[in-house]
Amino acid sequence: MGINQNIKKIKNELPANVKLIAVSKTKGIDEIMEAYNAGQRHFGENKVQEMIAKQPHLPSDIHWHFIGHLQTNKVKFIAPFVNMIESVDRLKVLKEINKHAAALNRVIPCLLQFHIAEEESKFGLTLSESYEILDNNYFDKIKNVSICGVMGMATLTDDKTQISKEFKNLKIIFDTLKQKYFQHIDSFKEISMGMSGDYLIAIEQGSTIIRLGSVIFGQRD
Ligand SMILES: *Cc1c(COP(=O)(O)O)cnc(C)c1O
């Protein structure tokens, strides 16, 4: 099946409250345009250089989600156009996003990335590290970033019980933060979890954003 059919098939199966991000990393303009022409508008990239290389060649109504590890010195390159940064994992990067967003007179929606997997290699905060950020005096001064929820990646395993447990944990983290810091902030509502291999489990556990690459575009090299 082609990209067009893949997108239509996946979209047909999704509950109305779940947003699909097409993860286009390593894919070219033609492949992204095929997804665009199938109606897809939200795309995800995990490298700054790659995102800024593609963005000018693509329609301006695309919503770009940055989903990879973000170095502070690269924030300025994506700040003018990025629609959501899903991978905020430290106060320093939050401050940098805020600084550039303020200079551009915009508010950038962001998610806090949590470490929910067993693998040590995956980035992300622990719950107590997120408290340190949200309790920091500086956090009140951050006016040009809107914290819209949480993101996480499950362990790469065939053990569905394990994956389910990890996603459930991210939902609990979301609920805890909502209760403690964002009770009256309606925009704090997103739980970004679920990739090609585990998105159905993620949806069962309350995902609102799924990030799919290979089931849309085919395997990456
Ligand atoms: C690559 C990537 C995805 C998509 O992975 P697939 O398994 O191809 O769906 C999702 N989220 C992040 C953060 C990624 O880096």
# chains A, B, ... in the order shown; residues from 1 in each chain; ligands from 1
$ residues_near_ligand --ligand "ligand 1" --cutoff "6 Å" --atoms "only C-alpha atoms and all ligand atoms" --output "MDAnalysis selection string"
chainID A and resid 23 46 67:68 195:197 211:214
$ closest_atom_pairs --of "stretch 146-211 of chain A" --to "stretch 101-111 of chain A" --cutoff "8 Å" --atoms "only C-alpha atoms" --output "tab-separated table"
residue	atom	partner	partner_atom	distance
A:Ser146	CA	A:Pro109	CA	4.6
A:Ile147	CA	A:Cys110	CA	5.0
A:Cys148	CA	A:Leu111	CA	5.6
A:Gly149	CA	A:Leu111	CA	4.9
A:Val150	CA	A:Leu111	CA	4.8
A:Met151	CA	A:Leu111	CA	6.1
A:Glu190	CA	A:Leu111	CA	7.9
$ residues_around --residues "A:Glu34" --least-positions-apart "6" --cutoff "12 Å" --atoms "only C-alpha atoms" --output "PDB file with N, CA, C and O atoms, in the first residue's frame"
ATOM      1  N   GLY A   2       0.343   2.304  -0.590  1.00  0.00           N
ATOM      2  CA  GLY A   2       1.082   3.562  -0.643  1.00  0.00           C
ATOM      3  C   GLY A   2       0.797   4.445   0.559  1.00  0.00           C
ATOM      4  O   GLY A   2      -0.061   4.134   1.389  1.00  0.00           O
ATOM      5  N   ILE A   3       1.505   5.559   0.607  1.00  0.00           N
ATOM      6  CA  ILE A   3       1.382   6.511   1.713  1.00  0.00           C
ATOM      7  C   ILE A   3      -0.062   7.001   1.857  1.00  0.00           C
ATOM      8  O   ILE A   3      -0.623   7.061   2.951  1.00  0.00           O
ATOM      9  N   ASN A   4      -0.647   7.331   0.720  1.00  0.00           N
ATOM     10  CA  ASN A   4      -2.018   7.827   0.682  1.00  0.00           C
ATOM     11  C   ASN A   4      -3.008   6.847   1.346  1.00  0.00           C
ATOM     12  O   ASN A   4      -3.778   7.220   2.233  1.00  0.00           O
ATOM     13  N   GLN A   5      -2.922   5.580   0.931  1.00  0.00           N
ATOM     14  CA  GLN A   5      -3.830   4.566   1.508  1.00  0.00           C
ATOM     15  C   GLN A   5      -3.521   4.323   2.981  1.00  0.00           C
ATOM     16  O   GLN A   5      -4.434   4.125   3.783  1.00  0.00           O
ATOM     17  N   ASN A   6      -2.243   4.324   3.329  1.00  0.00           N
ATOM     18  CA  ASN A   6      -1.865   4.101   4.736  1.00  0.00           C
ATOM     19  C   ASN A   6      -2.506   5.154   5.630  1.00  0.00           C
ATOM     20  O   ASN A   6      -3.063   4.841   6.681  1.00  0.00           O
ATOM     21  N   ILE A   7      -2.409   6.411   5.204  1.00  0.00           N
ATOM     22  CA  ILE A   7      -2.963   7.505   6.014  1.00  0.00           C
ATOM     23  C   ILE A   7      -4.471   7.374   6.142  1.00  0.00           C
ATOM     24  O   ILE A   7      -5.025   7.479   7.235  1.00  0.00           O
ATOM     25  N   LYS A   8      -5.116   7.101   5.019  1.00  0.00           N
ATOM     26  CA  LYS A   8      -6.586   7.011   5.056  1.00  0.00           C
ATOM     27  C   LYS A   8      -7.044   5.866   5.946  1.00  0.00           C
ATOM     28  O   LYS A   8      -7.992   6.014   6.718  1.00  0.00           O
ATOM     29  N   ALA A  22       2.372  12.643  11.411  1.00  0.00           N
ATOM     30  CA  ALA A  22       3.138  11.817  10.479  1.00  0.00           C
ATOM     31  C   ALA A  22       4.619  12.124  10.676  1.00  0.00           C
ATOM     32  O   ALA A  22       5.063  13.248  10.434  1.00  0.00           O
ATOM     33  N   SER A  24       8.048  12.259   9.582  1.00  0.00           N
ATOM     34  CA  SER A  24       8.621  12.250   8.234  1.00  0.00           C
ATOM     35  C   SER A  24      10.148  12.260   8.218  1.00  0.00           C
ATOM     36  O   SER A  24      10.752  12.502   7.183  1.00  0.00           O
ATOM     37  N   LYS A  27      12.553  11.111   5.338  1.00  0.00           N
ATOM     38  CA  LYS A  27      11.750  11.056   4.113  1.00  0.00           C
ATOM     39  C   LYS A  27      11.859  12.364   3.325  1.00  0.00           C
ATOM     40  O   LYS A  27      12.059  13.436   3.903  1.00  0.00           O
ATOM     41  N   GLY A  28      11.701  12.261   2.025  1.00  0.00           N
ATOM     42  CA  GLY A  28      11.879  13.421   1.155  1.00  0.00           C
ATOM     43  C   GLY A  28      10.602  14.224   0.953  1.00  0.00           C
ATOM     44  O   GLY A  28       9.525  13.838   1.395  1.00  0.00           O
ATOM     45  N   GLN A  40      -3.105  14.943   5.226  1.00  0.00           N
ATOM     46  CA  GLN A  40      -2.315  15.028   6.461  1.00  0.00           C
ATOM     47  C   GLN A  40      -1.717  16.431   6.615  1.00  0.00           C
ATOM     48  O   GLN A  40      -1.146  16.965   5.664  1.00  0.00           O
ATOM     49  N   ARG A  41      -1.864  17.030   7.798  1.00  0.00           N
ATOM     50  CA  ARG A  41      -1.332  18.385   8.019  1.00  0.00           C
ATOM     51  C   ARG A  41      -0.308  18.462   9.153  1.00  0.00           C
ATOM     52  O   ARG A  41       0.440  19.425   9.246  1.00  0.00           O
ATOM     53  N   LEU A  58       7.768  23.240   1.561  1.00  0.00           N
ATOM     54  CA  LEU A  58       6.474  22.584   1.767  1.00  0.00           C
ATOM     55  C   LEU A  58       5.385  23.617   2.079  1.00  0.00           C
ATOM     56  O   LEU A  58       5.693  24.746   2.464  1.00  0.00           O
ATOM     57  N   ILE A 216       3.247   4.664   8.073  1.00  0.00           N
ATOM     58  CA  ILE A 216       2.773   5.566   7.018  1.00  0.00           C
ATOM     59  C   ILE A 216       3.706   5.517   5.807  1.00  0.00           C
ATOM     60  O   ILE A 216       3.286   5.313   4.680  1.00  0.00           O
ATOM     61  N   PHE A 217       5.010   5.736   6.098  1.00  0.00           N
ATOM     62  CA  PHE A 217       5.973   5.937   5.005  1.00  0.00           C
ATOM     63  C   PHE A 217       6.749   4.671   4.624  1.00  0.00           C
ATOM     64  O   PHE A 217       7.539   4.688   3.701  1.00  0.00           O
TER      65      PHE A 217
END
$ select_by_dssp --residues "stretch 49-81 of chain A" --states "alpha helix (DSSP H)" --output "list of chain:residue names"
A:Gln49, A:Glu50, A:Met51, A:Ile52, A:Ala53, A:Lys54, A:Val75, A:Lys76, A:Phe77, A:Ile78
$ closest_residue --among "A:Ala35, A:Ile185, A:Ile163, A:Met193" --to "A:Lys11" --atoms "only C-alpha atoms"
A:Ala35
$ atom_distance --atom1 "atom CA of A:Thr208" --atom2 "atom CA of A:Ser192"
6.0 Å
$ closest_residue --among "A:Ser164, A:Thr72, A:Asn137, A:Asn37" --to "A:Ile116" --atoms "only C-alpha atoms"
A:Ser164
